[in-house]
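The file data-v7.txt comes next; it holds compact mmCIF, C-alpha atoms and all ligand atoms.
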```txt
# COMPACT_ATOMS: atom_id res chain seq x y z
CA MET A 1 3.77 -20.19 -18.56
CA THR A 2 2.57 -19.62 -15.03
CA LEU A 3 2.98 -21.82 -12.01
CA GLU A 4 0.14 -21.51 -9.49
CA VAL A 5 0.40 -22.74 -5.91
CA ARG A 6 -2.64 -22.69 -3.61
CA VAL A 7 -2.27 -23.25 0.14
CA PRO A 8 -5.04 -23.41 2.77
CA ALA A 9 -5.36 -21.57 6.07
CA SER A 10 -4.94 -23.56 9.27
CA SER A 11 -5.93 -23.53 12.92
CA ALA A 12 -3.19 -24.65 15.30
CA ASN A 13 -3.18 -26.07 18.84
CA LEU A 14 -6.88 -27.11 19.10
CA GLY A 15 -6.51 -26.29 22.80
CA PRO A 16 -3.87 -28.52 24.41
CA GLY A 17 -1.94 -29.49 21.22
CA PHE A 18 0.32 -26.46 21.54
CA ASP A 19 2.85 -26.35 18.67
CA CYS A 20 1.96 -29.89 17.50
CA LEU A 21 -1.72 -30.25 16.46
CA GLY A 22 -3.63 -28.38 13.77
CA LEU A 23 -6.18 -28.61 10.99
CA SER A 24 -6.59 -27.18 7.52
CA LEU A 25 -9.35 -24.70 6.56
CA PRO A 26 -10.69 -23.80 3.08
CA LEU A 27 -9.49 -20.18 2.88
CA TYR A 28 -6.55 -19.95 0.50
CA THR A 29 -3.33 -18.09 -0.22
CA THR A 30 -2.44 -18.26 -3.92
CA LEU A 31 1.01 -17.57 -5.36
CA ARG A 32 1.56 -17.31 -9.13
CA ALA A 33 5.09 -17.27 -10.57
CA ARG A 34 6.54 -16.87 -14.05
CA GLN A 35 9.91 -15.97 -15.51
CA ALA A 36 10.54 -12.25 -15.99
CA PRO A 37 13.43 -9.92 -16.89
CA THR A 38 13.63 -8.60 -13.30
CA LEU A 39 12.01 -9.41 -9.95
CA THR A 40 8.48 -8.03 -9.52
CA VAL A 41 6.28 -8.79 -6.51
CA VAL A 42 2.59 -7.92 -6.70
CA PRO A 43 0.43 -8.43 -3.58
CA ARG A 44 -3.25 -8.32 -4.61
CA GLY A 45 -6.43 -7.69 -2.62
CA ALA A 46 -7.43 -5.98 0.60
CA ALA A 47 -6.05 -8.73 2.88
CA LEU A 48 -2.50 -8.05 1.65
CA ALA A 49 -2.70 -4.24 1.66
CA GLY A 50 0.47 -3.01 3.31
CA THR A 51 2.61 -6.08 2.55
CA PRO A 52 5.76 -5.10 0.63
CA ALA A 53 5.79 -5.13 -3.19
CA ASP A 54 9.51 -5.96 -3.43
CA ALA A 55 12.17 -8.46 -2.34
CA THR A 56 11.45 -7.77 1.33
CA ASN A 57 8.02 -9.45 1.02
CA TYR A 58 7.78 -12.43 3.42
CA VAL A 59 6.89 -14.72 0.52
CA TYR A 60 10.02 -13.83 -1.46
CA ARG A 61 12.21 -14.04 1.65
CA CYS A 62 10.95 -17.60 2.23
CA MET A 63 11.69 -18.47 -1.42
CA GLU A 64 15.24 -17.19 -0.92
CA ALA A 65 15.56 -19.33 2.24
CA LEU A 66 14.85 -22.44 0.16
CA ALA A 67 17.27 -21.32 -2.58
CA GLN A 68 19.95 -20.89 0.06
CA GLU A 69 19.14 -24.25 1.66
CA VAL A 70 19.63 -26.11 -1.63
CA GLY A 71 22.49 -23.91 -2.88
CA ARG A 72 20.82 -22.82 -6.13
CA PRO A 73 20.03 -19.18 -7.04
CA LEU A 74 16.48 -18.15 -7.96
CA PRO A 75 15.97 -16.80 -11.48
CA ALA A 76 14.29 -13.39 -11.98
CA LEU A 77 10.56 -13.83 -11.35
CA HIS A 78 7.21 -12.12 -11.64
CA LEU A 79 5.23 -13.06 -8.50
CA GLU A 80 1.56 -12.37 -7.74
CA ILE A 81 0.19 -13.11 -4.27
CA GLU A 82 -3.48 -13.22 -3.29
CA SER A 83 -4.90 -14.28 0.04
CA ALA A 84 -8.27 -14.91 1.63
CA VAL A 85 -6.51 -15.74 4.91
CA PRO A 86 -6.76 -12.73 7.22
CA LEU A 87 -3.31 -11.75 8.54
CA ALA A 88 -2.27 -12.10 12.18
CA ARG A 89 -5.61 -13.56 13.40
CA GLY A 90 -4.52 -17.10 14.29
CA LEU A 91 -5.50 -18.71 10.99
CA GLY A 92 -2.04 -19.55 9.73
CA SER A 93 -1.52 -16.73 7.24
CA SER A 94 2.26 -16.82 7.68
CA ALA A 95 2.31 -20.62 7.33
CA ALA A 96 0.21 -20.45 4.13
CA ALA A 97 2.55 -17.78 2.71
CA LEU A 98 5.61 -19.82 3.75
CA VAL A 99 4.36 -23.12 2.31
CA ALA A 100 3.30 -21.38 -0.93
CA ALA A 101 6.75 -19.80 -1.18
CA LEU A 102 8.62 -23.07 -0.54
CA LEU A 103 6.51 -25.10 -2.99
CA THR A 104 7.00 -22.39 -5.63
CA ALA A 105 10.75 -22.04 -5.11
CA ASN A 106 11.12 -25.83 -5.11
CA ALA A 107 9.25 -26.12 -8.44
CA VAL A 108 11.19 -23.22 -9.97
CA LEU A 109 14.51 -24.84 -8.96
CA GLY A 110 13.63 -28.30 -10.33
CA GLU A 111 12.26 -30.03 -7.20
CA PRO A 112 15.46 -30.40 -5.12
CA LEU A 113 13.44 -31.10 -1.94
CA THR A 114 10.84 -33.81 -1.32
CA ARG A 115 7.53 -32.87 0.38
CA ARG A 116 9.02 -34.25 3.59
CA GLY A 117 12.09 -32.01 3.15
CA LEU A 118 9.77 -29.04 2.53
CA LEU A 119 7.90 -29.79 5.76
CA ASP A 120 11.18 -29.93 7.71
CA LEU A 121 12.35 -26.61 6.25
CA ALA A 122 8.94 -24.96 6.79
CA SER A 123 8.89 -26.18 10.42
CA ARG A 124 12.40 -24.79 10.99
CA ILE A 125 11.44 -21.39 9.55
CA GLU A 126 8.10 -21.21 11.41
CA GLY A 127 9.60 -22.76 14.58
CA HIS A 128 6.84 -25.39 14.93
CA PRO A 129 4.93 -27.68 12.53
CA ASP A 130 1.31 -27.21 13.70
CA ASN A 131 0.29 -24.78 10.94
CA VAL A 132 2.66 -25.75 8.12
CA ALA A 133 1.87 -29.49 8.36
CA PRO A 134 -1.92 -29.16 7.84
CA ALA A 135 -1.32 -26.41 5.26
CA LEU A 136 0.81 -28.86 3.27
CA LEU A 137 -1.06 -32.13 3.93
CA GLY A 138 -4.69 -31.05 4.56
CA GLY A 139 -7.02 -32.60 7.14
CA ILE A 140 -5.99 -32.75 10.79
CA VAL A 141 -2.29 -33.29 11.53
CA ILE A 142 -0.41 -34.20 14.70
CA ALA A 143 3.33 -33.61 14.28
CA THR A 144 6.40 -33.82 16.45
CA PHE A 145 9.43 -31.60 15.74
CA ASP A 146 12.96 -31.92 17.14
CA GLY A 147 14.18 -28.57 15.82
CA GLN A 148 15.36 -30.12 12.53
CA ARG A 149 12.90 -32.78 11.40
CA ALA A 150 9.13 -33.03 11.71
CA GLN A 151 7.22 -36.31 11.98
CA PRO A 152 3.61 -35.73 10.89
CA LEU A 153 0.63 -38.07 11.10
CA ARG A 154 -2.39 -36.96 9.08
CA ILE A 155 -5.80 -37.75 10.56
CA GLU A 156 -8.77 -38.01 8.20
CA PRO A 157 -11.39 -35.48 9.42
CA PRO A 158 -14.18 -37.40 11.20
CA HIS A 159 -17.54 -37.53 9.43
CA GLY A 160 -19.99 -34.92 10.70
CA LEU A 161 -17.39 -32.56 12.20
CA GLY A 162 -17.28 -28.90 11.13
CA VAL A 163 -15.62 -25.76 12.39
CA THR A 164 -17.04 -22.38 13.37
CA VAL A 165 -14.45 -19.61 13.53
CA LEU A 166 -14.97 -16.23 15.12
CA ILE A 167 -12.48 -13.85 13.46
CA PRO A 168 -12.17 -10.55 15.33
CA GLU A 169 -11.21 -7.48 13.34
CA PHE A 170 -8.13 -6.74 15.42
CA GLU A 171 -4.72 -8.30 14.74
CA LEU A 172 -2.52 -10.11 17.26
CA ASN A 173 0.90 -11.12 16.07
CA THR A 174 2.24 -14.50 17.07
CA ALA A 175 5.43 -13.16 18.66
CA LYS A 176 3.39 -11.03 21.07
CA ALA A 177 1.03 -13.90 21.91
CA ARG A 178 4.03 -16.15 22.65
CA SER A 179 5.76 -13.52 24.78
CA VAL A 180 3.04 -13.68 27.48
CA MET A 181 3.62 -17.40 28.08
CA PRO A 182 5.84 -18.47 30.99
CA PRO A 183 9.25 -20.06 30.24
CA THR A 184 8.63 -23.08 32.50
CA TYR A 185 5.63 -25.02 33.84
CA SER A 186 4.82 -27.20 36.84
CA ARG A 187 4.79 -30.96 36.36
CA GLU A 188 1.06 -30.89 37.13
CA ASP A 189 0.32 -28.46 34.26
CA ALA A 190 2.59 -30.39 31.88
CA VAL A 191 0.84 -33.70 32.67
CA PHE A 192 -2.58 -32.07 32.50
CA THR A 193 -1.90 -30.61 29.03
CA ALA A 194 -0.07 -33.64 27.58
CA SER A 195 -2.90 -35.96 28.65
CA HIS A 196 -5.54 -33.66 27.19
CA ALA A 197 -3.61 -33.32 23.91
CA ALA A 198 -3.42 -37.12 23.67
CA LEU A 199 -7.17 -37.44 24.38
CA THR A 200 -8.01 -34.73 21.81
CA THR A 201 -5.98 -36.54 19.13
CA ALA A 202 -7.51 -39.91 20.03
CA ALA A 203 -11.04 -38.44 20.04
CA LEU A 204 -10.48 -36.98 16.56
CA MET A 205 -8.95 -40.22 15.22
CA SER A 206 -11.73 -42.40 16.60
CA GLY A 207 -14.62 -40.03 15.85
CA ARG A 208 -15.55 -39.87 19.57
CA LEU A 209 -16.69 -36.25 19.16
CA GLU A 210 -18.53 -36.24 22.50
CA LEU A 211 -15.09 -36.32 24.21
CA LEU A 212 -13.82 -33.11 22.60
CA ALA A 213 -15.22 -30.64 25.14
CA GLU A 214 -13.48 -32.44 28.01
CA ALA A 215 -10.35 -33.18 25.98
CA MET A 216 -9.63 -29.71 24.60
CA GLN A 217 -8.58 -28.15 27.91
CA ASP A 218 -5.13 -26.64 28.13
CA ARG A 219 -2.86 -25.09 30.73
CA LEU A 220 0.09 -24.10 28.51
CA HIS A 221 -1.10 -21.09 26.55
CA GLN A 222 -4.80 -20.19 26.71
CA PRO A 223 -4.85 -19.10 30.38
CA TYR A 224 -2.04 -16.61 29.65
CA ARG A 225 -3.32 -15.43 26.28
CA ALA A 226 -6.86 -14.82 27.56
CA ALA A 227 -5.85 -11.33 28.67
CA LEU A 228 -5.07 -10.48 25.00
CA VAL A 229 -8.36 -11.82 23.62
CA PRO A 230 -11.54 -10.29 25.09
CA GLY A 231 -14.32 -12.85 25.42
CA LEU A 232 -12.03 -15.91 25.11
CA GLU A 233 -12.55 -17.15 28.67
CA ARG A 234 -16.32 -16.92 28.34
CA ILE A 235 -16.35 -18.71 24.98
CA LEU A 236 -14.16 -21.53 26.31
CA ALA A 237 -16.38 -21.89 29.39
CA GLU A 238 -19.82 -21.56 27.78
CA ALA A 239 -19.68 -22.53 24.06
CA GLY A 240 -20.59 -26.12 24.96
CA GLU A 241 -23.95 -24.93 26.33
CA HIS A 242 -24.71 -23.44 22.89
CA GLY A 243 -23.98 -26.46 20.72
CA ALA A 244 -20.18 -26.41 20.38
CA LEU A 245 -18.47 -29.80 20.64
CA GLY A 246 -15.32 -28.07 21.91
CA ALA A 247 -13.67 -24.66 21.73
CA ALA A 248 -10.13 -23.28 21.59
CA LEU A 249 -8.11 -20.22 20.77
CA SER A 250 -7.18 -20.62 17.08
CA GLY A 251 -3.39 -20.63 16.82
CA ALA A 252 -1.99 -17.61 18.62
CA GLY A 253 -5.36 -15.83 18.29
CA PRO A 254 -7.33 -13.68 18.31
CA ALA A 255 -9.61 -15.98 16.25
CA VAL A 256 -11.49 -18.61 18.25
CA LEU A 257 -12.40 -22.05 16.91
CA CYS A 258 -15.46 -24.07 17.92
CA PHE A 259 -16.17 -27.56 16.62
CA HIS A 260 -19.77 -28.23 15.58
CA ARG A 261 -21.81 -31.15 14.30
CA VAL A 262 -22.79 -31.25 10.64
CA GLY A 263 -26.16 -33.00 10.27
CA HIS A 264 -28.05 -34.04 7.12
CA ALA A 265 -29.29 -30.45 6.73
CA GLY A 266 -25.81 -28.90 7.19
CA PRO A 267 -24.05 -27.27 10.16
CA GLU A 268 -26.07 -27.12 13.38
CA THR A 269 -24.79 -23.72 14.48
CA GLY A 270 -27.75 -21.32 14.93
CA ALA A 271 -27.49 -21.18 18.74
CA LEU A 272 -23.68 -21.02 18.60
CA HIS A 273 -23.72 -18.02 16.25
CA LEU A 274 -26.17 -16.17 18.52
CA PHE A 275 -23.94 -16.88 21.53
CA LEU A 276 -20.75 -15.74 19.74
CA GLN A 277 -22.51 -12.56 18.56
CA ARG A 278 -23.61 -11.85 22.14
CA VAL A 279 -20.04 -12.27 23.40
CA MET A 280 -18.72 -9.93 20.69
CA ALA A 281 -21.38 -7.33 21.54
CA ALA A 282 -20.62 -7.59 25.27
CA GLU A 283 -16.91 -7.07 24.60
CA GLY A 284 -17.46 -4.28 22.03
CA LEU A 285 -15.73 -6.37 19.35
CA SER A 286 -16.46 -6.48 15.65
CA GLY A 287 -15.62 -9.43 13.48
CA ARG A 288 -16.91 -12.28 11.34
CA ILE A 289 -18.29 -15.72 12.17
CA LEU A 290 -17.76 -18.43 9.54
CA ASP A 291 -18.88 -22.07 9.36
CA LEU A 292 -16.29 -24.08 7.47
CA PRO A 293 -15.56 -27.73 6.72
CA ILE A 294 -12.10 -29.10 7.49
CA GLU A 295 -10.10 -28.82 4.26
CA PRO A 296 -9.04 -32.36 3.28
CA ASP A 297 -6.41 -31.88 0.57
CA GLY A 298 -3.79 -29.33 1.63
CA ALA A 299 -1.52 -27.47 -0.78
CA SER A 300 -1.86 -27.87 -4.55
CA VAL A 301 0.51 -27.02 -7.41
CA LEU A 302 -0.95 -26.27 -10.84
CA GLY A 303 0.49 -25.18 -14.16
CA GLN A 304 4.15 -24.92 -15.09
CA PHE A 305 6.94 -22.48 -14.52
CA GLY A 306 8.32 -20.63 -17.53
CA GLU A 307 8.30 -17.38 -19.52
N1 LIG B 401 0.43 -13.63 1.97
C1 LIG B 401 1.34 -12.95 2.68
N2 LIG B 401 2.19 -12.14 2.06
C2 LIG B 401 3.12 -11.46 2.76
N3 LIG B 401 3.26 -11.52 4.10
C3 LIG B 401 2.42 -12.31 4.77
C4 LIG B 401 1.42 -13.06 4.11
N4 LIG B 401 0.74 -13.76 5.03
C5 LIG B 401 1.29 -13.47 6.22
N5 LIG B 401 2.30 -12.60 6.07
C6 LIG B 401 3.15 -12.05 7.16
O1 LIG B 401 2.90 -12.82 8.34
C7 LIG B 401 2.42 -11.97 9.41
C8 LIG B 401 1.40 -12.68 10.24
O2 LIG B 401 2.03 -13.77 10.87
P1 LIG B 401 1.62 -14.24 12.32
O3 LIG B 401 2.41 -15.48 12.60
O4 LIG B 401 1.76 -13.11 13.28
O5 LIG B 401 0.07 -14.56 12.22
P2 LIG B 401 -0.74 -15.73 11.53
O6 LIG B 401 0.22 -16.65 10.81
O7 LIG B 401 -1.81 -15.14 10.71
O8 LIG B 401 -1.39 -16.44 12.78
P3 LIG B 401 -1.07 -17.83 13.53
O9 LIG B 401 0.37 -18.17 13.32
O10 LIG B 401 -1.40 -17.58 14.96
O11 LIG B 401 -1.99 -18.83 12.92
C9 LIG B 401 1.81 -10.77 8.68
O12 LIG B 401 1.78 -9.63 9.50
C10 LIG B 401 2.76 -10.62 7.48
O13 LIG B 401 3.95 -9.96 7.87
N1 LIG B 402 1.41 -22.96 18.05
C1 LIG B 402 1.59 -21.60 17.65
C2 LIG B 402 0.68 -21.31 16.47
C3 LIG B 402 0.80 -19.90 15.98
O1 LIG B 402 1.89 -19.74 15.14
C4 LIG B 402 1.23 -20.69 18.82
O2 LIG B 402 0.17 -20.91 19.40
O3 LIG B 402 2.00 -19.77 19.13
```

Please rewrite the model in this file as structure tokens.
Amino acid sequence: MTLEVRVPASSANLGPGFDCLGLSLPLYTTLRARQAPTLTVVPRGAALAGTPADATNYVYRCMEALAQEVGRPLPALHLEIESAVPLARGLGSSAAALVAALLTANAVLGEPLTRRGLLDLASRIEGHPDNVAPALLGGIVIATFDGQRAQPLRIEPPHGLGVTVLIPEFELNTAKARSVMPPTYSREDAVFTASHAALTTAALMSGRLELLAEAMQDRLHQPYRAALVPGLERILAEAGEHGALGAALSGAGPAVLCFHRVGHAGPETGALHLFLQRVMAAEGLSGRILDLPIEPDGASVLGQFGE
């Protein structure tokens, strides 16, 4: 009997909501687990090429972290991992892998942790809740975190709001993108960013989509990360002129997120795609542009664990 856990990608920050605001996207990491005589780890598909096929795999290490947390050993397992979430692009691949691992280990060990306990552990491992909370809960999530416990509030995605993501081909790991940020900020920049994060959250909760462009400005991370992401400054400055409701670096980058309106005939993104393609051409970048809905449901657990 096979247990199957499916966890969506996520886009964190949404501009000023650094480390606390994110949304779920319908690209999935899937982890299948069944009992086996010895541990086997099988990463499948091009996206996971190069990830380890043994106990050093990030997914298995996260499962062991849960086993240690609850003081119960994992049995021998056969694990298969597939992912449509591109790695190290700012779309929450590590959070999807982590949440899949924790949900699987928790099911294998007889559900010692509640979903709330899983969110706390995932936030501690990731260091912040802005990817793991939407990956677990779906929709848009604002979450505080005190280093031990997360307090999430899920926001139902507003009607008529979609997401366009530009996913460059190059990777940028989160540690590097965090290392370029300063250790302290002026009061002015802190107030600027906190007020814009509050307005972004309120605009999303109330469906006041016309406020997003103004609201999604940030002074904590994007100005410093722009040097690592060619074209980011131009997209943030000009996407609104090409139909975007707002734009932000997705997570730690290099992907960029633009909000768009979804009308009766679907996403209204023709002009936005042309603009993003022009920016990529001007910067000599290759990559993909996807229109996606916000994923409403979050992680799912199917099947049963056994031999
Ligand atoms: N399905 C997976 N299986 C094994 N390892 C994974 C998997 N998904 C992610 N990882 C590990 O996580 C790393 C990427 O994590 P990183 O935090 O740098 O980027 P990200 O999570 O994709 O982006 P962001 O946090 O900005 O949204 C990969 O290089 C790999 O080591
Ligand atoms: N809030 C995190 C998300 C990526 O893990 C960051 O921007 O560094």

Mind pulling up the distance from CA of Leu23 (chain A) to CA of Glu283 (chain A)?
-> 27.6 Å

For region 120-136 of chain A, take all atoms listed in the file, fit an axis-aligned box around them, add 5 Å to each of the six sides, then output centre and edge lengths in Å rounded to one decimal, as JSON.
```
{"center_x": 5.2, "center_y": -25.6, "center_z": 9.1, "size_x": 24.3, "size_y": 18.7, "size_z": 21.7}
```

Atom pair CA of Ala47 (chain A) / atom C9 of ligand LIG 401 (chain B): separation (Å) | 10.0 Å

Sorted by chain and rising residue number, list the residues of chain A at most 9 Å from ligand LIG 402 (chain B) (counting all atoms listed in the file), each with its closest atom pair and distance in Å to one decimal, as a Markdown table.
```
| residue | atom | partner | partner_atom | distance |
| --- | --- | --- | --- | --- |
| A:Ser11 | CA | B:LIG402 | C2 | 7.8 |
| A:Ala12 | CA | B:LIG402 | C2 | 5.2 |
| A:Asn13 | CA | B:LIG402 | N1 | 5.6 |
| A:Gly17 | CA | B:LIG402 | N1 | 8.0 |
| A:Phe18 | CA | B:LIG402 | N1 | 5.1 |
| A:Asp19 | CA | B:LIG402 | N1 | 3.7 |
| A:Cys20 | CA | B:LIG402 | N1 | 7.0 |
| A:Leu21 | CA | B:LIG402 | N1 | 8.1 |
| A:Gly22 | CA | B:LIG402 | N1 | 8.5 |
| A:Gly90 | CA | B:LIG402 | C3 | 6.2 |
| A:Leu91 | CA | B:LIG402 | C3 | 8.1 |
| A:Gly92 | CA | B:LIG402 | O1 | 6.7 |
| A:Ser94 | CA | B:LIG402 | O1 | 8.0 |
| A:Ala95 | CA | B:LIG402 | O1 | 7.9 |
| A:Glu126 | CA | B:LIG402 | O1 | 7.4 |
| A:Gly127 | CA | B:LIG402 | O1 | 8.3 |
| A:His128 | CA | B:LIG402 | N1 | 6.7 |
| A:Pro129 | CA | B:LIG402 | N1 | 8.1 |
| A:Asp130 | CA | B:LIG402 | N1 | 6.1 |
| A:Asn131 | CA | B:LIG402 | C2 | 6.5 |
| A:Asn173 | CA | B:LIG402 | O1 | 8.7 |
| A:Thr174 | CA | B:LIG402 | O1 | 5.6 |
| A:Ala175 | CA | B:LIG402 | O3 | 7.5 |
| A:Ala177 | CA | B:LIG402 | O3 | 6.6 |
| A:Arg178 | CA | B:LIG402 | O3 | 5.4 |
| A:His221 | CA | B:LIG402 | O2 | 7.3 |
| A:Gln222 | CA | B:LIG402 | O2 | 8.9 |
| A:Leu249 | CA | B:LIG402 | O2 | 8.4 |
| A:Ser250 | CA | B:LIG402 | O2 | 7.7 |
| A:Gly251 | CA | B:LIG402 | C2 | 4.1 |
| A:Ala252 | CA | B:LIG402 | O2 | 4.0 |
| A:Gly253 | CA | B:LIG402 | O2 | 7.6 |
```

Could you check how far CA of Val41 (chain A) sits from CA of Arg89 (chain A), in Å to one decimal?
->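 Result for CA of Val41 (chain A) versus CA of Arg89 (chain A): 23.7 Å, one decimal.
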
Can you pull out every residue within 8 Å of region 299-301 of chain A, counting all atoms listed in the file, but drop anything in the same chain fewer than 5 positions away, and send it as a list in words?
-> Leu3, Glu4, Val5, Arg6, Val7, Pro8, Val99, Ala100, Leu103, Ala135, Leu136, Leu137 and Gly138 of chain A

Just to be explicit: take each residue in the selection above, keep C-alpha atoms, and write the result as a PDB file, in the coordinates of the input.
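That gives us part01.pdb:
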```
ATOM      1  CA  LEU A   3       2.980 -21.820 -12.010  1.00  0.00           C
ATOM      2  CA  GLU A   4       0.140 -21.510  -9.490  1.00  0.00           C
ATOM      3  CA  VAL A   5       0.400 -22.740  -5.910  1.00  0.00           C
ATOM      4  CA  ARG A   6      -2.640 -22.690  -3.610  1.00  0.00           C
ATOM      5  CA  VAL A   7      -2.270 -23.250   0.140  1.00  0.00           C
ATOM      6  CA  PRO A   8      -5.040 -23.410   2.770  1.00  0.00           C
ATOM      7  CA  VAL A  99       4.360 -23.120   2.310  1.00  0.00           C
ATOM      8  CA  ALA A 100       3.300 -21.380  -0.930  1.00  0.00           C
ATOM      9  CA  LEU A 103       6.510 -25.100  -2.990  1.00  0.00           C
ATOM     10  CA  ALA A 135      -1.320 -26.410   5.260  1.00  0.00           C
ATOM     11  CA  LEU A 136       0.810 -28.860   3.270  1.00  0.00           C
ATOM     12  CA  LEU A 137      -1.060 -32.130   3.930  1.00  0.00           C
ATOM     13  CA  GLY A 138      -4.690 -31.050   4.560  1.00  0.00           C
TER      14      GLY A 138
END
```

Which residue gives the smallest distance to Pro152 (chain A) among A:Arg32, A:Arg116, A:Arg61, A:His273, with only C-alpha atoms counted?
->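 Checking each of A:Arg32, A:Arg116, A:Arg61, A:His273 against Pro152 (chain A), counting only C-alpha atoms, the winner is A:Arg116.
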
Excluding Pro168 (chain A) and residues on its chain fewer than 4 positions from it, collect all residues at most 9 Å away from it, counting only C-alpha atoms, and give them as a VMD selection string.
-> chain A and resid 89 254 to 256 280 285 to 289

Take region 103-121 of chain A, model N, CA and C atoms, and hand the result over as a compact mmCIF listing (two decimals), in the coordinates of the input.
```txt
# COMPACT_ATOMS: atom_id res chain seq x y z
N LEU A 103 6.93 -24.25 -1.87
CA LEU A 103 6.51 -25.10 -2.99
C LEU A 103 6.86 -24.44 -4.33
N THR A 104 6.70 -23.11 -4.39
CA THR A 104 7.00 -22.39 -5.63
C THR A 104 8.50 -22.41 -5.91
N ALA A 105 9.30 -22.07 -4.90
CA ALA A 105 10.75 -22.04 -5.11
C ALA A 105 11.26 -23.43 -5.48
N ASN A 106 10.69 -24.46 -4.84
CA ASN A 106 11.12 -25.83 -5.11
C ASN A 106 10.81 -26.22 -6.57
N ALA A 107 9.62 -25.81 -7.05
CA ALA A 107 9.25 -26.12 -8.44
C ALA A 107 10.13 -25.34 -9.41
N VAL A 108 10.37 -24.06 -9.09
CA VAL A 108 11.19 -23.22 -9.97
C VAL A 108 12.61 -23.78 -10.07
N LEU A 109 13.12 -24.36 -8.98
CA LEU A 109 14.51 -24.84 -8.96
C LEU A 109 14.63 -26.33 -9.31
N GLY A 110 13.54 -26.92 -9.84
CA GLY A 110 13.63 -28.30 -10.33
C GLY A 110 13.44 -29.36 -9.26
N GLU A 111 12.65 -29.07 -8.24
CA GLU A 111 12.26 -30.03 -7.20
C GLU A 111 13.45 -30.63 -6.44
N PRO A 112 14.36 -29.81 -5.91
CA PRO A 112 15.46 -30.40 -5.12
C PRO A 112 15.01 -31.02 -3.80
N LEU A 113 13.90 -30.56 -3.22
CA LEU A 113 13.44 -31.10 -1.94
C LEU A 113 12.18 -31.95 -2.13
N THR A 114 12.08 -33.02 -1.37
CA THR A 114 10.84 -33.81 -1.32
C THR A 114 9.82 -33.04 -0.48
N ARG A 115 8.56 -33.51 -0.48
CA ARG A 115 7.53 -32.87 0.38
C ARG A 115 7.94 -32.96 1.84
N ARG A 116 8.56 -34.07 2.22
CA ARG A 116 9.02 -34.25 3.59
C ARG A 116 10.12 -33.23 3.93
N GLY A 117 11.03 -33.02 2.96
CA GLY A 117 12.09 -32.01 3.15
C GLY A 117 11.50 -30.61 3.24
N LEU A 118 10.44 -30.36 2.46
CA LEU A 118 9.77 -29.04 2.53
C LEU A 118 9.13 -28.85 3.90
N LEU A 119 8.52 -29.91 4.44
CA LEU A 119 7.90 -29.79 5.76
C LEU A 119 8.95 -29.51 6.83
N ASP A 120 10.10 -30.18 6.74
CA ASP A 120 11.18 -29.93 7.71
C ASP A 120 11.64 -28.47 7.63
N LEU A 121 11.87 -27.98 6.40
CA LEU A 121 12.35 -26.61 6.25
C LEU A 121 11.28 -25.61 6.73
```
